[in-house]
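*Asks:* This structure is in structure tokens; I'll ask about it shortly.
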Number of protein chains: 2
Amino acid sequence: MAKHIVIVGAVALGPKVACRLRRLDPDAQITVIDRDNLISYGGCGIPYYVGGDIADIEGLYSTTSHAIRDPQFFKDCKGIQILPKVEALGIDRKKKQLKIRHLDDGKEGALAYDFLVIATGATPFRPPIPGADLPQVFTVSNLHNAKDIKEILSKGQVKKAVVIGAGAIGIEMAEALTDLWGVDTTIVEMAEQVLPAALGKHLSRIAKNQLEQNGVKVLLSERVLRINGHPTSGVTSVETSVDTPEGVLACDLVVMSAGVRPNTLFAAEAGLALGSSGALLVDRRMRTIDPYIYAGGDCVELRHLVSGENMTMPLGSLANRQGRIIANNIHGRASQFKGTVGTFCIKIFDMGIATAGLTATQAKASGFDPVHAMVAQHDRAHFYPDSRMMFITLIADAKTRKILGIEAAGHQGDAIKARVDAIAPLFQTGLNVDDVCVLETGYAPPYASAMDIINNAGNVLDNILEKRNIPIDVMDFVEKFTLQKTRVLDVRDPKEAAPFIERFKDRWINIPQPELKLRINEVPRQDALCLLCGTGARSYECQVLLAQNGFTNTKNIQGGYAMLAAAAPEFI
Amino acid sequence: MAKHIVIVGAVALGPKVACRLRRLDPDAQITVIDRDNLISYGGCGIPYYVGGDIADIEGLYSTTSHAIRDPQFFKDCKGIQILPKVEALGIDRKKKQLKIRHLDDGKEGALAYDFLVIATGATPFRPPIPGADLPQVFTVSNLHNAKDIKEILSKGQVKKAVVIGAGAIGIEMAEALTDLWGVDTTIVEMAEQVLPAALGKHLSRIAKNQLEQNGVKVLLSERVLRINGHPTSGVTSVETSVDTPEGVLACDLVVMSAGVRPNTLFAAEAGLALGSSGALLVDRRMRTIDPYIYAGGDCVELRHLVSGENMTMPLGSLANRQGRIIANNIHGRASQFKGTVGTFCIKIFDMGIATAGLTATQAKASGFDPVHAMVAQHDRAHFYPDSRMMFITLIADAKTRKILGIEAAGHQGDAIKARVDAIAPLFQTGLNVDDVCVLETGYAPPYASAMDIINNAGNVLDNILEKRNIPIDVMDFVEKFTLQKTRVLDVRDPKEAAPFIERFKDRWINIPQPELKLRINEVPRQDALCLLCGTGARSYECQVLLAQNGFTNTKNIQGGYAMLAAAAPEFI
């Protein structure tokens with residue numbers, strides 16, 4: 001007898017399960033319901049639709065060959081029944097029935113299933129602050145509000161906007177508002193950095209500087225307490241936790257991007273187990289505690305393969321991969337999805353940022369003893385033209401030398417992604433620092449240095465763990481130097497050091513590296529010294545030379561001048 | 001007592017060993033000899049110097065901070081003694097002495113060592129054909145002949161050039177000659193494809209088309225038998241194995257790029273073991289059979305981690321990584337270099353090509369049962385602007401489902417490298433097809449599709465292994481269709497199919513995918529059918545639908561129209 005599979009949710013994972021199942025089983029009866037009438041869309045494309053990279057909203061729910069993915073398409077082309085504007089009310093797990101309501105006429109009914117798939121995704125969190133329901137206060141949740149936002153922008157009604165939250169969606173929306181529409185945009189973030197879930201302090205500063213250099217204002221460690229405006233004409237301003245006139249931000253548009261909450265209410269009411277995030281718990285085969293009910297995508301918790309902890313990871317890429325796994329399992333084939341290493345990437349104007357694994361803060365919270373290397377290097381062979389600086393943070397556990405995380409930033413986004421993608425899938429294999437030192441990635445001068453930045457990051461981390469490289473982070477250096485707790489030994493060329501010597505007098509010493517051996521007696525023995533070169537490589541060599549000559553009070557500024565310029569441009 | 005380390009060869013690995021050792025051990029006496037006076041250069045940059053991307057040859061032996069890496073630099077800056085223009089004559093392994101000769105005055109001598117490092121690299125092979133020693137016949141071996149080539153080019157003395165060999169160096173040199181200097185360049189390759197060591201048939205055709213579309217002529221399955229010219233005025237033509245007037249190629253410059261031979265004569269004479277390639281055999285710690293003699297770089301054989309066989313892999317990137325390993329081991333720390341997976345990448349004009357592992361031919365020769373998937377997909381989310389097609393071949397063993405190789409080509413070189421780098425380091429871990437299906441790489445619409453091309457390649461390969469996708473390669477299809485052994489069912493839009501129907505009449509049938517279910521009776525039951533869509537994805541769905549309806553004589557054209565246009569542009 002034909003299996004009856006009912007799928008709740010028709011955006012990413014739902015259609016994927018349905019289409020794969022149809023190919024595996026020509027006889028299965030497959031029904032997909034969704035609350036919306038627009039289905040099977042690329043939600044991750046919304047900021048690019050708002051920002052004009054994608055002209056028509058149909059682009060987000062068309063196939064690569066420009067067919068519109070509507071219920072008729074799924075019926076004709078895939079043999080799948082899609083019921084739009086239908087809501088899931090509850091599950092009778094004993095009877096194996098899904099209770100539903102048609103949103104157009106309110107009629108209720110039931111769908112019998114052999115297997116049920118919950119693909120209800122997540123809904124943007126709307127912080128419960130006064131004014132959150134005013135007109136022109138939007139979340140980025142579906143194509144309807146994407147259209148609404150673009151409509152008021154295209155009417156020229158928006159001069160100033162406030163974006164609440166500096167996560168990926170907030171940053172992408174801020175870029176869209178600024179870049180195409182010239183809207184004066186401010187991001188308000190309650191954490192002390194942008195992208196707090198993805199980046200450590202230094203790369204998040206590079207991201208923030210990139211936003212500011214492109215005209216986006218960024219306010220950190222501030223909360224939005226209230227949104228002011230009129231119920232009909234809409235928002236006029238936002239008040240933050242800063243109790244001065246600067247804490248009032250005039251605006252005509254507010255975008256809330258304060259994270260998402262999984263849509264699991266009806267599933268929880270049916271007794272399915274939820275994790276602490278409110279998302280469904282599933283096993284490696286993507287099964288809930290009910291063997292006839294699968295779930296995947298933004299509404300489930302995944303195992304983080306580095307920390308071992310459960311987490312949500314709302315990404316279309318993971319949802320799609322899980323969809324195939326679920327279909328395989330329903331069809332009777334053993335397929336597993338082991339979890340996630342939290343791989344993430346984002347374009348911020350002309351910069352790419354990518355990460356995987358844990359940040360140092362997250363690693364500490366998970367019981368590790370994180371040690372990190374920070375490296376700056378060109379993205380092509382140094383003799384090849386048009387190269388730009390890349391920055392990588394590589395984090396390992398001091399005890400086991402296992403790699404815990406990597407973060408990268410730079411102007412060749414694909415090259416940045418290449419570095420993180422080369423590391424991320426290896427986390428599961430227990431990758432350690434020594435493995436990274438010899439990691440074999442593609443080399444040709446137009447694409448990389450012979451010693452790739454990844455290998456160098458491994459080497460630096462090895463040197464740090466072996467206590468040959470005694471590092472100091474750029475931001476710690478800036479603080480220490482400002483408090484007059486250290487002098488600088490700048491081993492670059494005299495003309496590079498000159499402006500700093502002029503500013504800081506004898507607190508900034510210059511001995512170029514090739515002369516250091518001969519002039520070692522000029523190095524002050526009694527003072528704390530931070531060593532600076534272009535990227536941290538030559539200053540490391542100098543640190544070793546100094547240590548071999550009895551100088552033990554030195555620190556090597558990680559990433560050198562390149563990192564200083566990128567993370568702390570206000571200092572230079 | 002201070003260790004005395006003697007290193008033979010001062011290009012890539014030699015200086016790396018020396019510098020790392022100096023940092024590990026301030027007291028070691030480190031001496032490096034080299035036959036040349038120009039040392040520590042980026043040999044892989046030579047084609048870019050000839051082609052003008054790098055203006056001055058000093059760029060190839062300068063540090064990132066523009067210091068010239070000459071013997072004085074190594075002495076002052078690193079405390080390393082470099083003896084240029086000194087040749088190794090032999091090794092007295094009992095006495096632990098290296099016999100040397102000073103090339104300037106012919107004086108001989110000996111250097112005592114505690115550890116000896118052989119880093120003599122490889123020399124370009126000069127095929128023993130008549131005329132190989134004429135003026136203007138060059139190999140690409142060091143900075144001296146790089147200078148010579150650029151000099152005659154810059155004097156405008158070269159109108160036509162012949163490059164012998166379509167390996168990496170040959171292709172890079174052909175691009176350099178054509179692109180900057182407008183030289184009418186022909187590559188002659190004795191194999192039936194370009195890059196025979198790196199690519200399978202289809203991606204090699206894409207590479208060849210890319211060369212031809214940029215003005216380079218490519219002659220395959222031809223040997224150069226003779227170079228004609230005058231001992232003083234130089235070459236005038238080249239004669240190939242084609243016995244017609246087309247086999248005589250007039251030219252003023254010949255570049256020989258027919259592979260390299262390891263420089264191991266004096267090492268072999270000292271009784272050190274060589275592999276079948278003539279390169280030195282070393283263990284994982286990069287030690288020869290003499291525990292006091294290490295070797296690395298282009299003069300050693302490495303273990304290929306997929307085939308298990310020994311091979312040479314002359315790449316600066318590997319040499320550099322091995323250098324650190326050798327220094328660690330000499331210093332008394334256990335460090336291992338397990339081998340190589342043959343990762344390789346190259347830029348051909350505005351296209352990037354990357355590979356790792358084995359080609360199907362190599363896999364078969366190593367005893368595997370290779371099955372491959374070929375996939376075409378956009379390099380950004382399909383709704384994102386300015387995306388270009390990428391092509392991937394993924395190869396697995398049919399019995400074990402283990403991944404054996406990956407090849408990729410496309411116009412975003414960094415994105416191509418990203419795909420191969422995400423797979424290559426995993427070969428060692430026994431990566432299988434199912435792992436690739438869920439491989440977690442970075443996703444954001446500006447950089448990838450939600451279902452990345454890597455995952456799709458895994459999915460296609462899984463479908464092929466499960467016999468749901470019955471594939472045919474593009475070149476096999478072209479042959480079969482030309483021999484009238486198959487008809488085509490084109491499931492694209494009517495306007496895309498129209499020109500082919502006009503050309504091929506009823507041998508080319510068009511039923512767009514969304515109509516196939518309803519019009520299934522129009523599909524001929526008796527004929528062999530090759531299914532075509534844009535990239536091979538929709539035609540696969542159609543193949544499954546047809547199979548579910550009793551059509552068993554169909555083949556799915558891998559990579560669809562995109563692959564056809566890229567690999568067989570003469571057909572379309």
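Identifiers for the structure tokens are assigned positionally: chains receive A, B, ... in sequence, residues are indexed from 1 per chain, and ligands are indexed from 1 in the order shown.
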So which bits of region 35-249 of chain A end up strand (DSSP E or B) when you DSSP the backbone, as a ChimeraX atom specification?

*Replies:* /A:62,68,81-83,86-92,97-102,108-112,115-118,122-124,137-139,160-164,184-188,217-219,224-230,234-240,248-249

*Asks:* With 7 Å as the limit and counting only C-alpha atoms, what residues in chain A lie close to chain B? Please list them as a PDB file with N, CA and C atoms, in the first residue's frame.

*Replies:*
```pdb
ATOM      1  N   ARG A  23      11.214  10.804  -5.806  1.00  0.00           N
ATOM      2  CA  ARG A  23      12.149  10.102  -6.679  1.00  0.00           C
ATOM      3  C   ARG A  23      12.447   8.691  -6.153  1.00  0.00           C
ATOM      4  N   PRO A  26       7.737   6.143  -6.289  1.00  0.00           N
ATOM      5  CA  PRO A  26       6.746   6.723  -7.196  1.00  0.00           C
ATOM      6  C   PRO A  26       5.324   6.633  -6.644  1.00  0.00           C
ATOM      7  N   CYS A  44      17.085  33.265   2.468  1.00  0.00           N
ATOM      8  CA  CYS A  44      18.400  33.886   2.673  1.00  0.00           C
ATOM      9  C   CYS A  44      18.659  34.962   1.618  1.00  0.00           C
ATOM     10  N   GLY A  45      17.831  34.977   0.561  1.00  0.00           N
ATOM     11  CA  GLY A  45      18.019  35.978  -0.472  1.00  0.00           C
ATOM     12  C   GLY A  45      17.312  37.289  -0.199  1.00  0.00           C
ATOM     13  N   ASP A  53      20.137  43.581  -5.479  1.00  0.00           N
ATOM     14  CA  ASP A  53      20.921  42.602  -6.245  1.00  0.00           C
ATOM     15  C   ASP A  53      19.988  41.659  -7.002  1.00  0.00           C
ATOM     16  N   ILE A  54      18.834  41.396  -6.401  1.00  0.00           N
ATOM     17  CA  ILE A  54      17.810  40.579  -7.055  1.00  0.00           C
ATOM     18  C   ILE A  54      16.650  41.516  -7.356  1.00  0.00           C
ATOM     19  N   GLY A  59      12.324  35.900  -8.353  1.00  0.00           N
ATOM     20  CA  GLY A  59      13.635  35.257  -8.404  1.00  0.00           C
ATOM     21  C   GLY A  59      13.884  34.364  -7.210  1.00  0.00           C
ATOM     22  N   LEU A  60      13.240  34.693  -6.090  1.00  0.00           N
ATOM     23  CA  LEU A  60      13.473  33.918  -4.867  1.00  0.00           C
ATOM     24  C   LEU A  60      12.640  32.646  -4.808  1.00  0.00           C
ATOM     25  N   THR A  64      16.241  27.260 -11.022  1.00  0.00           N
ATOM     26  CA  THR A  64      17.379  27.755 -11.794  1.00  0.00           C
ATOM     27  C   THR A  64      16.993  27.954 -13.258  1.00  0.00           C
ATOM     28  N   ASP A  76       2.385  19.307 -11.122  1.00  0.00           N
ATOM     29  CA  ASP A  76       2.675  18.858 -12.489  1.00  0.00           C
ATOM     30  C   ASP A  76       4.048  18.214 -12.584  1.00  0.00           C
ATOM     31  N   CYS A  77       4.977  18.860 -11.955  1.00  0.00           N
ATOM     32  CA  CYS A  77       6.366  18.532 -12.231  1.00  0.00           C
ATOM     33  C   CYS A  77       6.872  17.445 -11.304  1.00  0.00           C
ATOM     34  N   GLY A 316      19.671  27.710   5.646  1.00  0.00           N
ATOM     35  CA  GLY A 316      19.052  26.976   4.546  1.00  0.00           C
ATOM     36  C   GLY A 316      19.929  25.845   4.048  1.00  0.00           C
ATOM     37  N   SER A 317      21.229  26.032   4.128  1.00  0.00           N
ATOM     38  CA  SER A 317      22.143  25.003   3.641  1.00  0.00           C
ATOM     39  C   SER A 317      22.006  23.719   4.453  1.00  0.00           C
ATOM     40  N   ASN A 320      18.551  21.972   3.759  1.00  0.00           N
ATOM     41  CA  ASN A 320      18.513  21.209   2.517  1.00  0.00           C
ATOM     42  C   ASN A 320      19.212  19.859   2.661  1.00  0.00           C
ATOM     43  N   ARG A 321      20.370  19.869   3.337  1.00  0.00           N
ATOM     44  CA  ARG A 321      21.109  18.610   3.478  1.00  0.00           C
ATOM     45  C   ARG A 321      20.326  17.619   4.340  1.00  0.00           C
ATOM     46  N   THR A 343      29.516  26.155  10.720  1.00  0.00           N
ATOM     47  CA  THR A 343      30.129  26.923   9.635  1.00  0.00           C
ATOM     48  C   THR A 343      29.202  28.045   9.195  1.00  0.00           C
ATOM     49  N   PHE A 344      29.785  29.203   8.977  1.00  0.00           N
ATOM     50  CA  PHE A 344      28.984  30.397   8.729  1.00  0.00           C
ATOM     51  C   PHE A 344      29.786  31.336   7.851  1.00  0.00           C
ATOM     52  N   CYS A 345      29.135  31.976   6.879  1.00  0.00           N
ATOM     53  CA  CYS A 345      29.848  33.042   6.179  1.00  0.00           C
ATOM     54  C   CYS A 345      28.912  34.171   5.799  1.00  0.00           C
ATOM     55  N   ILE A 346      29.472  35.323   5.587  1.00  0.00           N
ATOM     56  CA  ILE A 346      28.676  36.515   5.301  1.00  0.00           C
ATOM     57  C   ILE A 346      29.518  37.470   4.472  1.00  0.00           C
ATOM     58  N   LYS A 347      28.846  38.158   3.550  1.00  0.00           N
ATOM     59  CA  LYS A 347      29.489  39.240   2.807  1.00  0.00           C
ATOM     60  C   LYS A 347      29.083  40.550   3.471  1.00  0.00           C
ATOM     61  N   ALA A 354      34.144  34.470   7.286  1.00  0.00           N
ATOM     62  CA  ALA A 354      33.709  33.082   7.444  1.00  0.00           C
ATOM     63  C   ALA A 354      34.228  32.537   8.757  1.00  0.00           C
ATOM     64  N   HIS A 382      53.050  36.605  -2.369  1.00  0.00           N
ATOM     65  CA  HIS A 382      53.353  38.010  -2.069  1.00  0.00           C
ATOM     66  C   HIS A 382      53.897  38.745  -3.286  1.00  0.00           C
ATOM     67  N   PHE A 383      54.449  37.979  -4.267  1.00  0.00           N
ATOM     68  CA  PHE A 383      54.974  38.639  -5.464  1.00  0.00           C
ATOM     69  C   PHE A 383      53.898  38.837  -6.527  1.00  0.00           C
ATOM     70  N   TYR A 384      52.691  38.298  -6.297  1.00  0.00           N
ATOM     71  CA  TYR A 384      51.631  38.369  -7.299  1.00  0.00           C
ATOM     72  C   TYR A 384      50.852  39.673  -7.113  1.00  0.00           C
ATOM     73  N   PRO A 385      50.467  40.341  -8.219  1.00  0.00           N
ATOM     74  CA  PRO A 385      49.825  41.648  -8.053  1.00  0.00           C
ATOM     75  C   PRO A 385      48.411  41.552  -7.483  1.00  0.00           C
ATOM     76  N   ASP A 414      35.567  34.659  -1.665  1.00  0.00           N
ATOM     77  CA  ASP A 414      35.682  33.241  -1.999  1.00  0.00           C
ATOM     78  C   ASP A 414      36.957  32.640  -1.413  1.00  0.00           C
ATOM     79  N   ALA A 415      38.021  33.450  -1.373  1.00  0.00           N
ATOM     80  CA  ALA A 415      39.283  32.976  -0.803  1.00  0.00           C
ATOM     81  C   ALA A 415      39.156  32.807   0.708  1.00  0.00           C
ATOM     82  N   LYS A 417      36.303  32.081   2.323  1.00  0.00           N
ATOM     83  CA  LYS A 417      35.500  30.870   2.490  1.00  0.00           C
ATOM     84  C   LYS A 417      36.362  29.619   2.252  1.00  0.00           C
ATOM     85  N   ALA A 418      37.278  29.701   1.275  1.00  0.00           N
ATOM     86  CA  ALA A 418      38.140  28.548   0.974  1.00  0.00           C
ATOM     87  C   ALA A 418      38.926  28.132   2.209  1.00  0.00           C
ATOM     88  N   ASP A 421      36.482  26.578   4.824  1.00  0.00           N
ATOM     89  CA  ASP A 421      35.955  25.299   4.340  1.00  0.00           C
ATOM     90  C   ASP A 421      37.000  24.188   4.357  1.00  0.00           C
ATOM     91  N   ALA A 422      38.262  24.555   4.260  1.00  0.00           N
ATOM     92  CA  ALA A 422      39.315  23.532   4.299  1.00  0.00           C
ATOM     93  C   ALA A 422      39.492  22.972   5.704  1.00  0.00           C
ATOM     94  N   PRO A 425      35.297  20.884   7.811  1.00  0.00           N
ATOM     95  CA  PRO A 425      34.880  19.475   7.798  1.00  0.00           C
ATOM     96  C   PRO A 425      35.830  18.561   8.572  1.00  0.00           C
ATOM     97  N   LEU A 426      37.000  19.074   8.944  1.00  0.00           N
ATOM     98  CA  LEU A 426      37.987  18.251   9.646  1.00  0.00           C
ATOM     99  C   LEU A 426      37.823  18.268  11.162  1.00  0.00           C
ATOM    100  N   VAL A 438      50.606  21.132   8.230  1.00  0.00           N
ATOM    101  CA  VAL A 438      50.918  20.485   6.945  1.00  0.00           C
ATOM    102  C   VAL A 438      49.672  20.307   6.079  1.00  0.00           C
ATOM    103  N   LEU A 439      48.571  20.936   6.439  1.00  0.00           N
ATOM    104  CA  LEU A 439      47.332  20.783   5.660  1.00  0.00           C
ATOM    105  C   LEU A 439      47.605  21.069   4.189  1.00  0.00           C
ATOM    106  N   GLU A 440      47.151  20.169   3.334  1.00  0.00           N
ATOM    107  CA  GLU A 440      47.472  20.272   1.912  1.00  0.00           C
ATOM    108  C   GLU A 440      46.314  20.905   1.148  1.00  0.00           C
ATOM    109  N   THR A 441      46.449  22.178   0.867  1.00  0.00           N
ATOM    110  CA  THR A 441      45.441  22.873   0.064  1.00  0.00           C
ATOM    111  C   THR A 441      46.080  23.286  -1.254  1.00  0.00           C
ATOM    112  N   GLY A 442      45.227  23.657  -2.209  1.00  0.00           N
ATOM    113  CA  GLY A 442      45.712  23.974  -3.545  1.00  0.00           C
ATOM    114  C   GLY A 442      46.664  25.166  -3.529  1.00  0.00           C
ATOM    115  N   TYR A 443      47.730  25.065  -4.316  1.00  0.00           N
ATOM    116  CA  TYR A 443      48.663  26.180  -4.403  1.00  0.00           C
ATOM    117  C   TYR A 443      48.987  26.536  -5.846  1.00  0.00           C
ATOM    118  N   ALA A 444      48.767  27.782  -6.173  1.00  0.00           N
ATOM    119  CA  ALA A 444      49.325  28.416  -7.362  1.00  0.00           C
ATOM    120  C   ALA A 444      49.399  29.898  -7.004  1.00  0.00           C
ATOM    121  N   PRO A 445      50.429  30.619  -7.488  1.00  0.00           N
ATOM    122  CA  PRO A 445      50.620  32.002  -7.049  1.00  0.00           C
ATOM    123  C   PRO A 445      49.388  32.904  -7.187  1.00  0.00           C
ATOM    124  N   PRO A 446      48.511  32.703  -8.200  1.00  0.00           N
ATOM    125  CA  PRO A 446      47.344  33.601  -8.261  1.00  0.00           C
ATOM    126  C   PRO A 446      46.327  33.374  -7.147  1.00  0.00           C
ATOM    127  N   TYR A 447      46.477  32.289  -6.382  1.00  0.00           N
ATOM    128  CA  TYR A 447      45.455  31.947  -5.391  1.00  0.00           C
ATOM    129  C   TYR A 447      45.953  31.821  -3.964  1.00  0.00           C
ATOM    130  N   ALA A 450      52.888  29.940  -1.106  1.00  0.00           N
ATOM    131  CA  ALA A 450      53.379  28.561  -1.018  1.00  0.00           C
ATOM    132  C   ALA A 450      53.102  28.024   0.386  1.00  0.00           C
ATOM    133  N   MET A 451      53.377  28.834   1.379  1.00  0.00           N
ATOM    134  CA  MET A 451      52.975  28.487   2.739  1.00  0.00           C
ATOM    135  C   MET A 451      51.661  29.231   2.963  1.00  0.00           C
ATOM    136  N   GLN A 513      64.637  44.734  11.489  1.00  0.00           N
ATOM    137  CA  GLN A 513      65.014  43.347  11.772  1.00  0.00           C
ATOM    138  C   GLN A 513      66.433  42.980  11.316  1.00  0.00           C
ATOM    139  N   PRO A 514      66.840  43.332  10.068  1.00  0.00           N
ATOM    140  CA  PRO A 514      68.178  42.892   9.645  1.00  0.00           C
ATOM    141  C   PRO A 514      69.296  43.458  10.522  1.00  0.00           C
ATOM    142  N   VAL A 544      62.328  35.591  19.130  1.00  0.00           N
ATOM    143  CA  VAL A 544      63.162  34.412  19.369  1.00  0.00           C
ATOM    144  C   VAL A 544      64.622  34.827  19.551  1.00  0.00           C
ATOM    145  N   GLN A 548      66.819  34.344  22.876  1.00  0.00           N
ATOM    146  CA  GLN A 548      68.096  33.619  22.852  1.00  0.00           C
ATOM    147  C   GLN A 548      69.225  34.482  23.431  1.00  0.00           C
TER     148      GLN A 548
END
```

*Asks:* Among region 14-127 of chain B, which ones does DSSP assign to helix (DSSP H, G or I) (computed from the backbone)? Answer as a PyMOL selection string.

*Replies:* chain B and resi 14-24+43-50+57-61+71-78

*Asks:* Env of Asp184 (chain A): 9 Å cut, atoms = only C-alpha atoms, seq-sep filter 5 positions within chain, self excluded. Answer as a PyMOL selection string.

*Replies:* chain A and resi 158-162+177-178+215-217+251

*Asks:* Which one is closest to Phe349 (chain B): B:Gly367, B:Asp179, B:Ile509, B:Val254? Count only C-alpha atoms.

*Replies:*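 Among the listed residues, the smallest separation from Phe349 (chain B) belongs to B:Asp179.
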
*Asks:* When you look at Ile572 (chain A) with a cut-off of 9 Å (counting only C-alpha atoms), what residues show up, excluding the ones that are within fewer than 3 positions of it in the same chain? I need them as a VMD selection string.

*Replies:* chain A and resid 500 561 564 to 565 568 to 569

*Asks:* Could you turn the residues from that selection into a file that holds N, CA and C atoms, as a PDB file, in the first residue's frame?

*Replies:*
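Okay, selection.pdb is ready:
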```
ATOM      1  N   PHE A 500      55.300  57.079  14.035  1.00  0.00           N
ATOM      2  CA  PHE A 500      55.006  56.659  15.403  1.00  0.00           C
ATOM      3  C   PHE A 500      56.053  57.180  16.378  1.00  0.00           C
ATOM      4  N   TYR A 561      51.276  45.148  12.213  1.00  0.00           N
ATOM      5  CA  TYR A 561      50.693  46.419  11.805  1.00  0.00           C
ATOM      6  C   TYR A 561      49.414  46.199  10.996  1.00  0.00           C
ATOM      7  N   LEU A 564      46.680  45.717  13.386  1.00  0.00           N
ATOM      8  CA  LEU A 564      46.463  46.982  14.095  1.00  0.00           C
ATOM      9  C   LEU A 564      45.632  47.927  13.224  1.00  0.00           C
ATOM     10  N   ALA A 565      46.008  48.019  11.946  1.00  0.00           N
ATOM     11  CA  ALA A 565      45.294  48.926  11.040  1.00  0.00           C
ATOM     12  C   ALA A 565      43.863  48.470  10.801  1.00  0.00           C
ATOM     13  N   ALA A 568      42.124  48.222  14.850  1.00  0.00           N
ATOM     14  CA  ALA A 568      42.179  49.429  15.681  1.00  0.00           C
ATOM     15  C   ALA A 568      42.626  50.624  14.844  1.00  0.00           C
ATOM     16  N   PRO A 569      41.883  50.944  13.777  1.00  0.00           N
ATOM     17  CA  PRO A 569      42.323  52.030  12.891  1.00  0.00           C
ATOM     18  C   PRO A 569      42.419  53.360  13.627  1.00  0.00           C
TER      19      PRO A 569
END
```

*Asks:* Measuring between only C-alpha atoms, which one of A:Gly200, A:Gly259, A:Gly536, A:Gly247 shows the shortest distance to Thr359 (chain A)?

*Replies:*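 For Thr359 (chain A), the nearest of the candidates is A:Gly200.
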
*Asks:* Write out as number ranges by chain each polymer residue whose atoms come within 8 Å of Ser40 (chain A), counting only C-alpha atoms; drop sequence neighbours fewer than 5 positions from it.

*Replies:* A: 10-12, 15, 61, 69-70

*Asks:* Export N, CA and C atoms of the chosen residues as a PDB file, in the first residue's frame?

*Replies:*
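Output file again_21.pdb is given in full below:
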```pdb
ATOM      1  N   ALA A  10       6.633  24.381   3.855  1.00  0.00           N
ATOM      2  CA  ALA A  10       6.970  24.251   2.432  1.00  0.00           C
ATOM      3  C   ALA A  10       7.991  25.295   1.996  1.00  0.00           C
ATOM      4  N   VAL A  11       8.971  25.586   2.861  1.00  0.00           N
ATOM      5  CA  VAL A  11       9.968  26.571   2.442  1.00  0.00           C
ATOM      6  C   VAL A  11      11.236  25.893   1.920  1.00  0.00           C
ATOM      7  N   ALA A  12      12.066  25.354   2.804  1.00  0.00           N
ATOM      8  CA  ALA A  12      13.335  24.773   2.339  1.00  0.00           C
ATOM      9  C   ALA A  12      13.341  23.257   2.517  1.00  0.00           C
ATOM     10  N   PRO A  15       9.929  20.961   0.996  1.00  0.00           N
ATOM     11  CA  PRO A  15       9.951  20.561  -0.417  1.00  0.00           C
ATOM     12  C   PRO A  15      11.094  19.608  -0.746  1.00  0.00           C
ATOM     13  N   TYR A  61      11.617  32.534  -5.650  1.00  0.00           N
ATOM     14  CA  TYR A  61      10.888  31.247  -5.663  1.00  0.00           C
ATOM     15  C   TYR A  61      10.751  30.693  -7.072  1.00  0.00           C
ATOM     16  N   ARG A  69       8.047  28.208  -8.557  1.00  0.00           N
ATOM     17  CA  ARG A  69       7.768  27.051  -7.699  1.00  0.00           C
ATOM     18  C   ARG A  69       6.487  27.287  -6.898  1.00  0.00           C
ATOM     19  N   ASP A  70       5.344  27.118  -7.535  1.00  0.00           N
ATOM     20  CA  ASP A  70       4.062  27.252  -6.848  1.00  0.00           C
ATOM     21  C   ASP A  70       3.419  25.865  -6.753  1.00  0.00           C
TER      22      ASP A  70
END
```

*Asks:* Identify which of the residues B:Arg303, B:Arg401, B:Lys364, B:Arg223 lies closest to Asp462 (chain B), counting only C-alpha atoms when measuring atom-to-atom distances.

*Replies:* B:Arg401

*Asks:* Could you name the residues that touch Glu192 (chain B) at 9 Å or less, counting only C-alpha atoms, but leaving out those on the same chain fewer than 6 positions away, as a ChimeraX atom specification?

*Replies:* /B:201,219-222

*Asks:* Restricting the calculation to only C-alpha atoms: of B:Glu108, B:Glu496, B:Glu87, B:Glu172, which residue gets closest to Val140 (chain B)?

*Replies:*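 Result for the nearest residue to Val140 (chain B): B:Glu172.
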
*Asks:* How far is it from CA of Val488 (chain B) to CA of Leu532 (chain B), in Å with one decimal?

*Replies:*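 Interatomic distance here is 7.0 Å.
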
*Asks:* Could you pull the residues within 12 Å of Leu111 (chain B), counting only C-alpha atoms, minus those fewer than 5 positions along the same chain, as a count of residues only?

*Replies:* 27

*Asks:* Expressed in Å to a single decimal, how great is the separation between CA of Glu189 (chain B) and CA of Val300 (chain B)?

*Replies:*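 That distance, rounded to one decimal, is 26.0 Å.
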